[in-house]
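Engineer: There's a structure below that I have some questions on.
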Amino acid sequence: SPAARDRLRIAIQKSGRLAEPARALLASCGLSWRESRDRLFCYGETLPVDLLLVRDDDIPGLIADGVCDLGVVGRNVLREQDGERRAGGRASAFREWRALGFGGCRLALAVPEAWDWRGPAQLAGKRIATSYPALLSAWLAEQGVDAQVVLLSGSVEIAPRLGQAEAICDLVSSGATLAANQLKATTTLLESEAVLAGPVDAFDDVRGELAELLLRRLDGALRIRH
Ligand code: PRT
Ligand code: ZN
């Protein structure tokens, strides 16, 4: 279990879609920080709550390793990494504590516009490109469909045109990217948004009280927003 600490450390995205909204939400909870020159660590001034600025993909692992206590990350990333851990026989090491109401998108299956979509069975024997292999594999298994998962770290939507796959499974918000690549969304595998992620169990030192205080303020801030 993570080493005891008397300050709470929250990981947020350094740059990207969730970076500014995450900071703004935490600031609306009364937190403020003094920034270090490298902009990787922000020291909490009003409360002993520090920020670590990282890649979003690193956030679940930082919580699992006890390097950070909490994190703001897409549910898609959190569920994918939990799925990968459990597929590898490891126990869950983080979970969703709160849905935060921004960064909304969906993980969807998309096929060429020319396809006459009749359902998941149509994917049998096909290649599906994705950056979410655990979530896609779990869904395929649930549907009883035997398809090949092609793992790509980026530019998933171009894979069908490049001949790497017949279909894709990727995040969609406006749908413009799919349309630009002559693809159409079919089934939604996961509705996603930014979430506050934390360990599976409560903290057993002063971080527990800090986390409770933060959650109370967060719930207040989220109520005002909605
Ligand atoms: O550098 P770092 O690794 O931290 O950032 P990143 O590039 O991996 O992440 P970033 O900032 O792109 O996304 C962070 C999180 O924002 C994601 O994990 C999602 O939870 C959330 N989010 C919300 C999205 C989108 N909407 C989104 N539309 N993440 C990505 N997209 C991409 C999608 O992959 C596709 O390429 O936008 C394109 C589709 O958008 P539309 O509007 O054309 O449908
Ligand atoms: Zn990322």
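Each chain in the structure tokens gets a letter, A, B, ..., in the order shown, and its residues are numbered from 1; ligands are numbered from 1 in order too.
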Could you give me, as a VMD selection string, every polymer residue with an atom at most 9 Å away from an atom of ligand 1, counting only C-alpha atoms and all ligand atoms?

Structural biologist: chain A and resid 12 to 19 54 to 58 73 to 78 102 to 107 131 154 to 157 170 to 180 192 to 195

Engineer: Filtering to N, CA and C atoms, could you give me those residues as a compact mmCIF listing (two decimals), in the first residue's frame?

Structural biologist:
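Printed below is part22.txt as written:
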```
# COMPACT_ATOMS: atom_id res chain seq x y z
N ILE A 12 -3.20 15.55 -12.96
CA ILE A 12 -4.08 16.02 -14.03
C ILE A 12 -3.28 16.06 -15.33
N GLN A 13 -3.99 16.19 -16.45
CA GLN A 13 -3.33 16.24 -17.75
C GLN A 13 -2.51 17.53 -17.87
N LYS A 14 -1.30 17.41 -18.37
CA LYS A 14 -0.43 18.58 -18.51
C LYS A 14 -0.93 19.49 -19.61
N SER A 15 -1.26 18.89 -20.75
CA SER A 15 -1.88 19.67 -21.83
C SER A 15 -2.83 18.74 -22.56
N GLY A 16 -3.83 19.32 -23.20
CA GLY A 16 -4.82 18.50 -23.86
C GLY A 16 -6.21 18.90 -23.44
N ARG A 17 -7.17 18.11 -23.86
CA ARG A 17 -8.58 18.47 -23.67
C ARG A 17 -9.02 18.64 -22.22
N LEU A 18 -8.41 17.85 -21.32
CA LEU A 18 -8.90 17.87 -19.94
C LEU A 18 -8.08 18.79 -19.03
N ALA A 19 -6.98 19.34 -19.53
CA ALA A 19 -6.04 20.09 -18.69
C ALA A 19 -6.70 21.32 -18.05
N VAL A 54 0.80 15.58 -15.97
CA VAL A 54 1.30 14.39 -16.67
C VAL A 54 0.50 14.08 -17.94
N ARG A 55 0.92 13.06 -18.66
CA ARG A 55 0.13 12.51 -19.78
C ARG A 55 -1.09 11.81 -19.18
N ASP A 56 -2.23 11.95 -19.84
CA ASP A 56 -3.45 11.33 -19.28
C ASP A 56 -3.31 9.82 -19.11
N ASP A 57 -2.62 9.18 -20.05
CA ASP A 57 -2.46 7.72 -20.02
C ASP A 57 -1.67 7.25 -18.79
N ASP A 58 -0.88 8.13 -18.20
CA ASP A 58 -0.05 7.75 -17.05
C ASP A 58 -0.83 7.81 -15.73
N VAL A 73 -9.12 12.07 -15.19
CA VAL A 73 -8.81 11.33 -16.41
C VAL A 73 -10.11 10.89 -17.07
N GLY A 74 -10.07 10.63 -18.37
CA GLY A 74 -11.27 10.14 -19.07
C GLY A 74 -11.64 8.76 -18.57
N ARG A 75 -12.95 8.54 -18.42
CA ARG A 75 -13.42 7.21 -18.02
C ARG A 75 -12.93 6.14 -19.00
N ASN A 76 -12.81 6.53 -20.29
CA ASN A 76 -12.32 5.61 -21.31
C ASN A 76 -10.92 5.10 -20.97
N VAL A 77 -10.03 5.99 -20.52
CA VAL A 77 -8.66 5.59 -20.17
C VAL A 77 -8.66 4.71 -18.91
N LEU A 78 -9.46 5.13 -17.94
CA LEU A 78 -9.52 4.41 -16.66
C LEU A 78 -10.04 2.98 -16.86
N PHE A 102 -17.43 17.05 -17.71
CA PHE A 102 -16.82 17.65 -18.91
C PHE A 102 -16.03 16.58 -19.65
N GLY A 103 -15.54 16.91 -20.84
CA GLY A 103 -14.78 15.92 -21.62
C GLY A 103 -15.66 14.79 -22.13
N GLY A 104 -16.92 15.10 -22.34
CA GLY A 104 -17.85 14.06 -22.79
C GLY A 104 -17.55 13.55 -24.19
N CYS A 105 -17.64 12.26 -24.38
CA CYS A 105 -17.47 11.62 -25.69
C CYS A 105 -17.95 10.17 -25.54
N ARG A 106 -17.95 9.44 -26.65
CA ARG A 106 -18.31 8.02 -26.53
C ARG A 106 -17.33 7.17 -27.30
N LEU A 107 -17.08 5.99 -26.78
CA LEU A 107 -16.24 5.02 -27.48
C LEU A 107 -17.20 4.22 -28.35
N SER A 131 -7.39 1.95 -30.17
CA SER A 131 -6.41 2.21 -29.10
C SER A 131 -6.96 1.66 -27.77
N GLY A 154 -2.51 5.78 -32.52
CA GLY A 154 -3.11 7.03 -32.97
C GLY A 154 -3.60 6.90 -34.41
N SER A 155 -4.25 7.95 -34.92
CA SER A 155 -4.76 7.96 -36.30
C SER A 155 -5.56 6.70 -36.64
N VAL A 156 -6.38 6.29 -35.69
CA VAL A 156 -7.17 5.07 -35.87
C VAL A 156 -8.16 5.22 -37.03
N GLU A 157 -8.72 6.43 -37.17
CA GLU A 157 -9.77 6.63 -38.16
C GLU A 157 -9.30 6.50 -39.61
N ASP A 170 -13.27 3.83 -31.77
CA ASP A 170 -12.54 5.02 -31.34
C ASP A 170 -13.49 5.99 -30.63
N LEU A 171 -12.91 7.03 -30.03
CA LEU A 171 -13.71 8.06 -29.37
C LEU A 171 -14.35 8.95 -30.42
N VAL A 172 -15.59 9.31 -30.15
CA VAL A 172 -16.33 10.20 -31.05
C VAL A 172 -16.97 11.28 -30.20
N SER A 173 -16.85 12.55 -30.65
CA SER A 173 -17.68 13.57 -30.01
C SER A 173 -18.61 14.20 -31.01
N SER A 174 -18.12 15.04 -31.93
CA SER A 174 -19.03 15.65 -32.91
C SER A 174 -19.35 14.69 -34.06
N GLY A 175 -18.45 13.76 -34.33
CA GLY A 175 -18.63 12.85 -35.46
C GLY A 175 -17.95 13.35 -36.73
N ALA A 176 -17.36 14.56 -36.67
CA ALA A 176 -16.73 15.16 -37.86
C ALA A 176 -15.55 14.33 -38.37
N THR A 177 -14.78 13.78 -37.44
CA THR A 177 -13.61 12.98 -37.85
C THR A 177 -14.05 11.72 -38.60
N LEU A 178 -15.08 11.08 -38.11
CA LEU A 178 -15.59 9.89 -38.80
C LEU A 178 -16.07 10.27 -40.20
N ALA A 179 -16.85 11.34 -40.27
CA ALA A 179 -17.40 11.76 -41.57
C ALA A 179 -16.28 12.08 -42.55
N ALA A 180 -15.23 12.73 -42.06
CA ALA A 180 -14.11 13.10 -42.94
C ALA A 180 -13.40 11.86 -43.48
N SER A 192 -18.45 8.20 -22.15
CA SER A 192 -17.33 8.66 -21.34
C SER A 192 -17.40 10.14 -21.01
N GLU A 193 -16.69 10.51 -19.97
CA GLU A 193 -16.49 11.91 -19.58
C GLU A 193 -15.30 11.90 -18.63
N ALA A 194 -14.84 13.08 -18.25
CA ALA A 194 -13.75 13.14 -17.28
C ALA A 194 -14.26 12.68 -15.93
N VAL A 195 -13.42 11.95 -15.21
CA VAL A 195 -13.80 11.48 -13.88
C VAL A 195 -12.68 11.77 -12.89
```

Engineer: Which residues in segment 106-210 of chain A does DSSP call alpha helix (DSSP H)? List them as a list in words.

Structural biologist: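 Selection result, alpha helix (DSSP H) within segment 106-210 of chain A: Pro133, Ala134, Leu135, Leu136, Ser137, Ala138, Trp139, Leu140, Ala141, Glu142, Gln143, Ala159, Pro160, Arg161, Leu162, Ala176, Thr177, Leu178, Ala179, Ala180, Val206, Arg207, Gly208, Glu209 and Leu210 of chain A.
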
Engineer: Which of segment 1-220 of chain A end up as strand (DSSP E) when DSSP is run on this backbone - answer as a ChimeraX atom specification?

Structural biologist: /A:8-13,33-35,41-44,49-54,70-74,95-99,105-112,127-130,148-151,167-172,183-192,194-198

Engineer: Just how far from atom CA of Glu80 of chain A is atom CA of Leu189 of chain A, in Å to one decimal?

Structural biologist: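 These atoms are spaced 11.5 Å apart.
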
Engineer: Give the answer as one residue: which of A:Pro60, A:Arg85, A:Ser36, A:Leu8 has the shortest atom-to-atom distance to ligand 2, using only C-alpha atoms and all ligand atoms?

Structural biologist: A:Pro60

Engineer: Could you pull the residues within 10 Å of segment 46-48 of chain A, counting only C-alpha atoms, minus those fewer than 3 positions along the same chain, as number ranges by chain?

Structural biologist: A: 6-9, 30-34, 43, 207, 210, 214

Engineer: For segment 86-94 of chain A, please output as a PyMOL selection string all residues within 9 Å (counting only C-alpha atoms; exclusion window: fewer than 6 positions along the same chain).

Structural biologist: chain A and resi 60-61+63-65+78+134+197-201

Engineer: Give me the residues near Leu222 of chain A as a compact mmCIF listing (two decimals) with C-alpha atoms, in the first residue's frame, where near means some atom within 12 Å (using only C-alpha atoms) and where sequence neighbours in that chain fewer than 2 positions away do not count.

Structural biologist:
```txt
# COMPACT_ATOMS: atom_id res chain seq x y z
CA ALA A 24 -10.67 25.20 -13.28
CA LEU A 25 -12.81 22.67 -11.41
CA LEU A 26 -10.20 22.17 -8.69
CA SER A 28 -13.49 26.30 -7.96
CA CYS A 29 -13.05 24.02 -4.92
CA ARG A 98 -16.90 10.99 -9.26
CA ALA A 99 -18.10 11.84 -12.77
CA LEU A 100 -17.06 15.44 -13.49
CA GLY A 101 -19.37 16.53 -16.30
CA PHE A 102 -16.82 17.65 -18.91
CA VAL A 195 -13.80 11.48 -13.88
CA LEU A 214 -12.23 17.98 -1.39
CA LEU A 215 -15.15 15.69 -2.31
CA ARG A 216 -17.58 17.83 -0.30
CA ARG A 217 -16.42 20.96 -2.13
CA LEU A 218 -16.40 19.14 -5.46
CA ASP A 219 -19.97 17.91 -5.00
CA GLY A 220 -20.99 21.48 -4.19
CA ILE A 224 -23.91 24.54 -9.01
CA ARG A 225 -22.82 23.65 -12.54
CA HIS A 226 -25.75 21.36 -13.29
```

Engineer: Report, in Å with one decimal, the straight-line distance from atom CA of Ile168 of chain A to atom CA of Gly144 of chain A.

Structural biologist: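 Going from atom CA of Ile168 of chain A over to atom CA of Gly144 of chain A covers 17.8 Å.
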
Engineer: Give me the residues near Phe41 of chain A as an NGL selection string, where near means some atom within 8 Å (using only C-alpha atoms) and where sequence neighbours in that chain fewer than 3 positions away do not count.

Structural biologist: :A and (35-36 or 38 or 50-53)

Engineer: For a quick check of understanding, using only C-alpha atoms, which of A:Gln164, A:Thr186, A:Gln81, A:Gln148 has the smallest distance to Leu109 of chain A?

Structural biologist: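 Of all the options, A:Thr186 lies closest to Leu109 of chain A.
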
Engineer: Which of these, A:Ala221, A:Ala167, A:Ile10, A:Ile158, has the shortest distance to Gly66 of chain A once you count only C-alpha atoms?

Structural biologist: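 Going through A:Ala221, A:Ala167, A:Ile10, A:Ile158 one by one, the smallest distance to Gly66 of chain A is for A:Ile10.
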
Engineer: Determine the nearest neighbour of Glu20 of chain A from the options A:Val145, A:Leu135, A:Val72, A:Leu151, counting only C-alpha atoms.

Structural biologist: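 Of the candidates, the smallest distance to Glu20 of chain A is held by A:Val72.
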